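So the structure is just underneath, and the comments pick up after that.
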Amino acid sequence: MAKIRREDTVLVIKGKERGKTGVVRQVVPRQRRVIVTGVNIVKRHMRPRADRPGGIIEREAPIHVSNVMVICKSCSKPTRVGFRFRDGGGKVRFCHQCDQPLD
Ligand SMILES: [Zn+2]
């Protein structure tokens with residue numbers, strides 16, 4: 001089960017964009033990477049094709065999950081994520097700072 005999911009707000013803790021926050025737009029589980037809105041924007045030089053013009057487009061490149069921390073909705077702090085088993089079965093994520101569930 002993933003510690004970081006789509007729609008989570010995360011803080012970048014490594015790299016040149018350290019300190020930025022953004023919302024996870026996409027998770028790439030196989031690479032353990034996430035695409036965060038507004039973070040790690042790269043310019044790509046696209047060749048023109050029939051369906052679209054060429055030129056330079058900007059898009060977010062995936063960053064590794066170890067370089068971000070989830071920001072808790074309850075306490076607004078960047079936190080480590082823990083897991084707990086629910087009574088009815090299934091796991092739920094919780095915040096290590098304030099102990100509230102993250103989902
Ligand atoms: Zn919290």
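We name chains A, B, ... following the order of the structure tokens; residues begin at 1 in each chain, and ligands are numbered from 1 as shown.
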
Could you give me the residues within chain A that DSSP places in strand (DSSP E), as a ChimeraX atom specification? /A:9-12,21-28,33-36,41-46,55-60,63-64,68-71,78-79,81-85,91-95

Mind dumping a table of every chain A residue within 6 Å of ligand 1, with the nearest atom pair and its distance in Å to one decimal, using only C-alpha atoms and all ligand atoms, sorted by chain and rising number, as a tab-separated table?
residue	atom	partner	partner_atom_place_in_ligand_line	distance
A:Cys72	CA	ligand 1	1 (Zn)	4.5
A:Ser74	CA	ligand 1	1 (Zn)	5.0
A:Cys75	CA	ligand 1	1 (Zn)	4.1
A:Cys95	CA	ligand 1	1 (Zn)	4.6
A:Gln97	CA	ligand 1	1 (Zn)	4.9
A:Cys98	CA	ligand 1	1 (Zn)	4.1
A:Gln100	CA	ligand 1	1 (Zn)	5.7

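Residue nearest Ser66 in chain A within the list A:Val36, A:Val27, A:Val12, A:Ile41: A:Val12 [criterion: smallest interatomic distance, only C-alpha atoms].
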
Need to verify the contact set: Arg44 in chain A, 10 Å, only C-alpha atoms, exclusion of same-chain residues closer than 6 positions in sequence. Can you return it as a list in words? Gly55, Ile56, Ile57, Glu58 and Arg59 of chain A

Contacts of Thr9 in chain A within 10 Å, only C-alpha atoms, excl. fewer than 5 positions in-chain, as JSON, numbers by chain: {"A": [4, 21, 22, 23, 24, 25, 36, 37, 68, 69, 70, 71, 72, 73, 76, 78]}

Could you turn the residues from that selection into a file that holds all heavy atoms, as an mmCIF file, in the first residue's frame?
data_model
loop_
_atom_site.group_PDB
_atom_site.id
_atom_site.type_symbol
_atom_site.label_atom_id
_atom_site.label_comp_id
_atom_site.auth_asym_id
_atom_site.auth_seq_id
_atom_site.Cartn_x
_atom_site.Cartn_y
_atom_site.Cartn_z
ATOM 1 N N ILE A 4 2.053 7.476 -0.342
ATOM 2 C CA ILE A 4 1.629 8.708 -1.000
ATOM 3 C C ILE A 4 0.625 8.366 -2.083
ATOM 4 O O ILE A 4 0.816 7.421 -2.839
ATOM 5 C CB ILE A 4 2.839 9.450 -1.586
ATOM 6 C CG1 ILE A 4 3.736 9.907 -0.438
ATOM 7 C CG2 ILE A 4 2.407 10.631 -2.442
ATOM 8 C CD1 ILE A 4 5.005 10.567 -0.875
ATOM 9 N N THR A 21 5.697 23.127 -2.202
ATOM 10 C CA THR A 21 4.617 22.179 -1.956
ATOM 11 C C THR A 21 3.746 22.083 -3.202
ATOM 12 O O THR A 21 3.716 22.995 -4.024
ATOM 13 C CB THR A 21 3.728 22.610 -0.779
ATOM 14 O OG1 THR A 21 3.174 23.885 -1.073
ATOM 15 C CG2 THR A 21 4.508 22.676 0.513
ATOM 16 N N GLY A 22 3.046 20.982 -3.311
ATOM 17 C CA GLY A 22 2.147 20.803 -4.433
ATOM 18 C C GLY A 22 1.273 19.593 -4.205
ATOM 19 O O GLY A 22 1.460 18.845 -3.251
ATOM 20 N N VAL A 23 0.318 19.428 -5.098
ATOM 21 C CA VAL A 23 -0.615 18.312 -4.997
ATOM 22 C C VAL A 23 -0.172 17.203 -5.945
ATOM 23 O O VAL A 23 0.215 17.477 -7.080
ATOM 24 C CB VAL A 23 -2.045 18.775 -5.333
ATOM 25 C CG1 VAL A 23 -3.013 17.606 -5.323
ATOM 26 C CG2 VAL A 23 -2.488 19.853 -4.363
ATOM 27 N N VAL A 24 -0.209 15.991 -5.456
ATOM 28 C CA VAL A 24 0.181 14.847 -6.279
ATOM 29 C C VAL A 24 -0.865 14.637 -7.368
ATOM 30 O O VAL A 24 -2.041 14.455 -7.081
ATOM 31 C CB VAL A 24 0.316 13.569 -5.420
ATOM 32 C CG1 VAL A 24 0.601 12.356 -6.305
ATOM 33 C CG2 VAL A 24 1.413 13.744 -4.391
ATOM 34 N N ARG A 25 -0.397 14.712 -8.602
ATOM 35 C CA ARG A 25 -1.321 14.568 -9.724
ATOM 36 C C ARG A 25 -1.359 13.133 -10.227
ATOM 37 O O ARG A 25 -2.346 12.669 -10.767
ATOM 38 C CB ARG A 25 -0.877 15.502 -10.849
ATOM 39 C CG ARG A 25 -2.008 15.979 -11.711
ATOM 40 C CD ARG A 25 -1.494 16.921 -12.755
ATOM 41 N NE ARG A 25 -0.554 16.245 -13.616
ATOM 42 C CZ ARG A 25 0.326 16.866 -14.381
ATOM 43 N NH1 ARG A 25 0.389 18.159 -14.375
ATOM 44 N NH2 ARG A 25 1.137 16.183 -15.143
ATOM 45 N N VAL A 36 4.089 15.890 -9.175
ATOM 46 C CA VAL A 36 3.510 16.890 -8.288
ATOM 47 C C VAL A 36 3.274 18.163 -9.081
ATOM 48 O O VAL A 36 4.178 18.652 -9.761
ATOM 49 C CB VAL A 36 4.456 17.173 -7.103
ATOM 50 C CG1 VAL A 36 3.816 18.169 -6.139
ATOM 51 C CG2 VAL A 36 4.822 15.884 -6.377
ATOM 52 N N THR A 37 2.060 18.675 -8.974
ATOM 53 C CA THR A 37 1.690 19.862 -9.729
ATOM 54 C C THR A 37 2.619 21.025 -9.397
ATOM 55 O O THR A 37 2.801 21.370 -8.234
ATOM 56 C CB THR A 37 0.237 20.256 -9.404
ATOM 57 O OG1 THR A 37 -0.585 19.116 -9.636
ATOM 58 C CG2 THR A 37 -0.234 21.393 -10.285
ATOM 59 N N VAL A 68 9.916 13.527 -1.084
ATOM 60 C CA VAL A 68 8.768 14.322 -0.643
ATOM 61 C C VAL A 68 8.217 13.779 0.676
ATOM 62 O O VAL A 68 8.431 12.619 1.029
ATOM 63 C CB VAL A 68 7.624 14.339 -1.694
ATOM 64 C CG1 VAL A 68 8.104 14.898 -3.023
ATOM 65 C CG2 VAL A 68 7.008 12.967 -1.883
ATOM 66 N N MET A 69 7.525 14.651 1.387
ATOM 67 C CA MET A 69 6.807 14.235 2.589
ATOM 68 C C MET A 69 5.361 14.666 2.449
ATOM 69 O O MET A 69 5.061 15.746 1.933
ATOM 70 C CB MET A 69 7.386 14.923 3.829
ATOM 71 C CG MET A 69 8.627 14.269 4.369
ATOM 72 S SD MET A 69 9.189 15.129 5.844
ATOM 73 C CE MET A 69 8.644 13.973 7.093
ATOM 74 N N VAL A 70 4.471 13.834 2.970
ATOM 75 C CA VAL A 70 3.055 14.181 2.956
ATOM 76 C C VAL A 70 2.800 15.292 3.977
ATOM 77 O O VAL A 70 3.344 15.264 5.079
ATOM 78 C CB VAL A 70 2.195 12.945 3.305
ATOM 79 C CG1 VAL A 70 0.720 13.321 3.443
ATOM 80 C CG2 VAL A 70 2.358 11.877 2.251
ATOM 81 N N ILE A 71 1.990 16.260 3.582
ATOM 82 C CA ILE A 71 1.560 17.271 4.544
ATOM 83 C C ILE A 71 0.186 16.865 5.055
ATOM 84 O O ILE A 71 -0.743 16.642 4.290
ATOM 85 C CB ILE A 71 1.514 18.670 3.898
ATOM 86 C CG1 ILE A 71 2.938 19.096 3.513
ATOM 87 C CG2 ILE A 71 0.905 19.681 4.864
ATOM 88 C CD1 ILE A 71 3.005 20.415 2.795
ATOM 89 N N CYS A 72 0.105 16.767 6.368
ATOM 90 C CA CYS A 72 -1.105 16.282 7.017
ATOM 91 C C CYS A 72 -2.232 17.309 6.913
ATOM 92 O O CYS A 72 -2.010 18.486 7.116
ATOM 93 C CB CYS A 72 -0.776 15.994 8.476
ATOM 94 S SG CYS A 72 -2.203 15.596 9.470
ATOM 95 N N LYS A 73 -3.434 16.830 6.603
ATOM 96 C CA LYS A 73 -4.578 17.736 6.496
ATOM 97 C C LYS A 73 -5.016 18.241 7.862
ATOM 98 O O LYS A 73 -5.563 19.322 7.987
ATOM 99 C CB LYS A 73 -5.766 17.023 5.848
ATOM 100 C CG LYS A 73 -5.558 16.685 4.394
ATOM 101 C CD LYS A 73 -6.859 16.103 3.814
ATOM 102 C CE LYS A 73 -6.603 15.338 2.540
ATOM 103 N NZ LYS A 73 -6.348 13.927 2.761
ATOM 104 N N SER A 76 -1.403 20.153 9.365
ATOM 105 C CA SER A 76 -0.679 20.966 8.371
ATOM 106 C C SER A 76 0.831 20.847 8.458
ATOM 107 O O SER A 76 1.546 21.707 7.974
ATOM 108 C CB SER A 76 -1.060 22.447 8.483
ATOM 109 O OG SER A 76 -2.432 22.592 8.403
ATOM 110 N N PRO A 78 4.440 18.658 7.676
ATOM 111 C CA PRO A 78 4.989 17.541 6.909
ATOM 112 C C PRO A 78 5.228 16.376 7.862
ATOM 113 O O PRO A 78 5.729 16.583 8.971
ATOM 114 C CB PRO A 78 6.299 18.078 6.353
ATOM 115 C CG PRO A 78 6.568 19.362 7.030
ATOM 116 C CD PRO A 78 5.352 19.800 7.761
#

Distance query Phe94 in chain A at most 7 Å, only C-alpha atoms, self and fewer than 3 positions along chain excluded, as a PyMOL selection string: chain A and resi 81-83+99-102

Pick out the residues sitting within 6 Å of Val65 in chain A, and hand them over as a PyMOL selection string; count only C-alpha atoms, and ignore anything fewer than 2 positions along from it in its own chain. chain A and resi 32-33+67-68

What would the file look like if the residues just selected were written as a tab-separated table (two decimals), in the first residue's frame with C-alpha atoms?
chain	number	residue	atom	x	y	z
A	32	ARG	CA	8.16	4.80	-6.82
A	33	ARG	CA	7.76	8.27	-8.21
A	67	ASN	CA	12.19	13.24	-1.86
A	68	VAL	CA	8.77	14.32	-0.64

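Note that CA of Glu60 in chain A and CA of Gln31 in chain A are 15.4 Å apart.
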
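The nearest approach to Ala2 in chain A among the residues A:Arg86, A:His64, A:Arg93, A:Lys20, with only C-alpha atoms taken into account, belongs to A:Arg93.
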
Determine which residues of chain A receive a DSSP assignment of helix (DSSP H, G or I), computed from the backbone, and state them as an MDAnalysis selection string. chainID A and resid 29:31 65:67

A straight line from CA of Arg30 in chain A to CA of Arg6 in chain A spans 14.8 Å
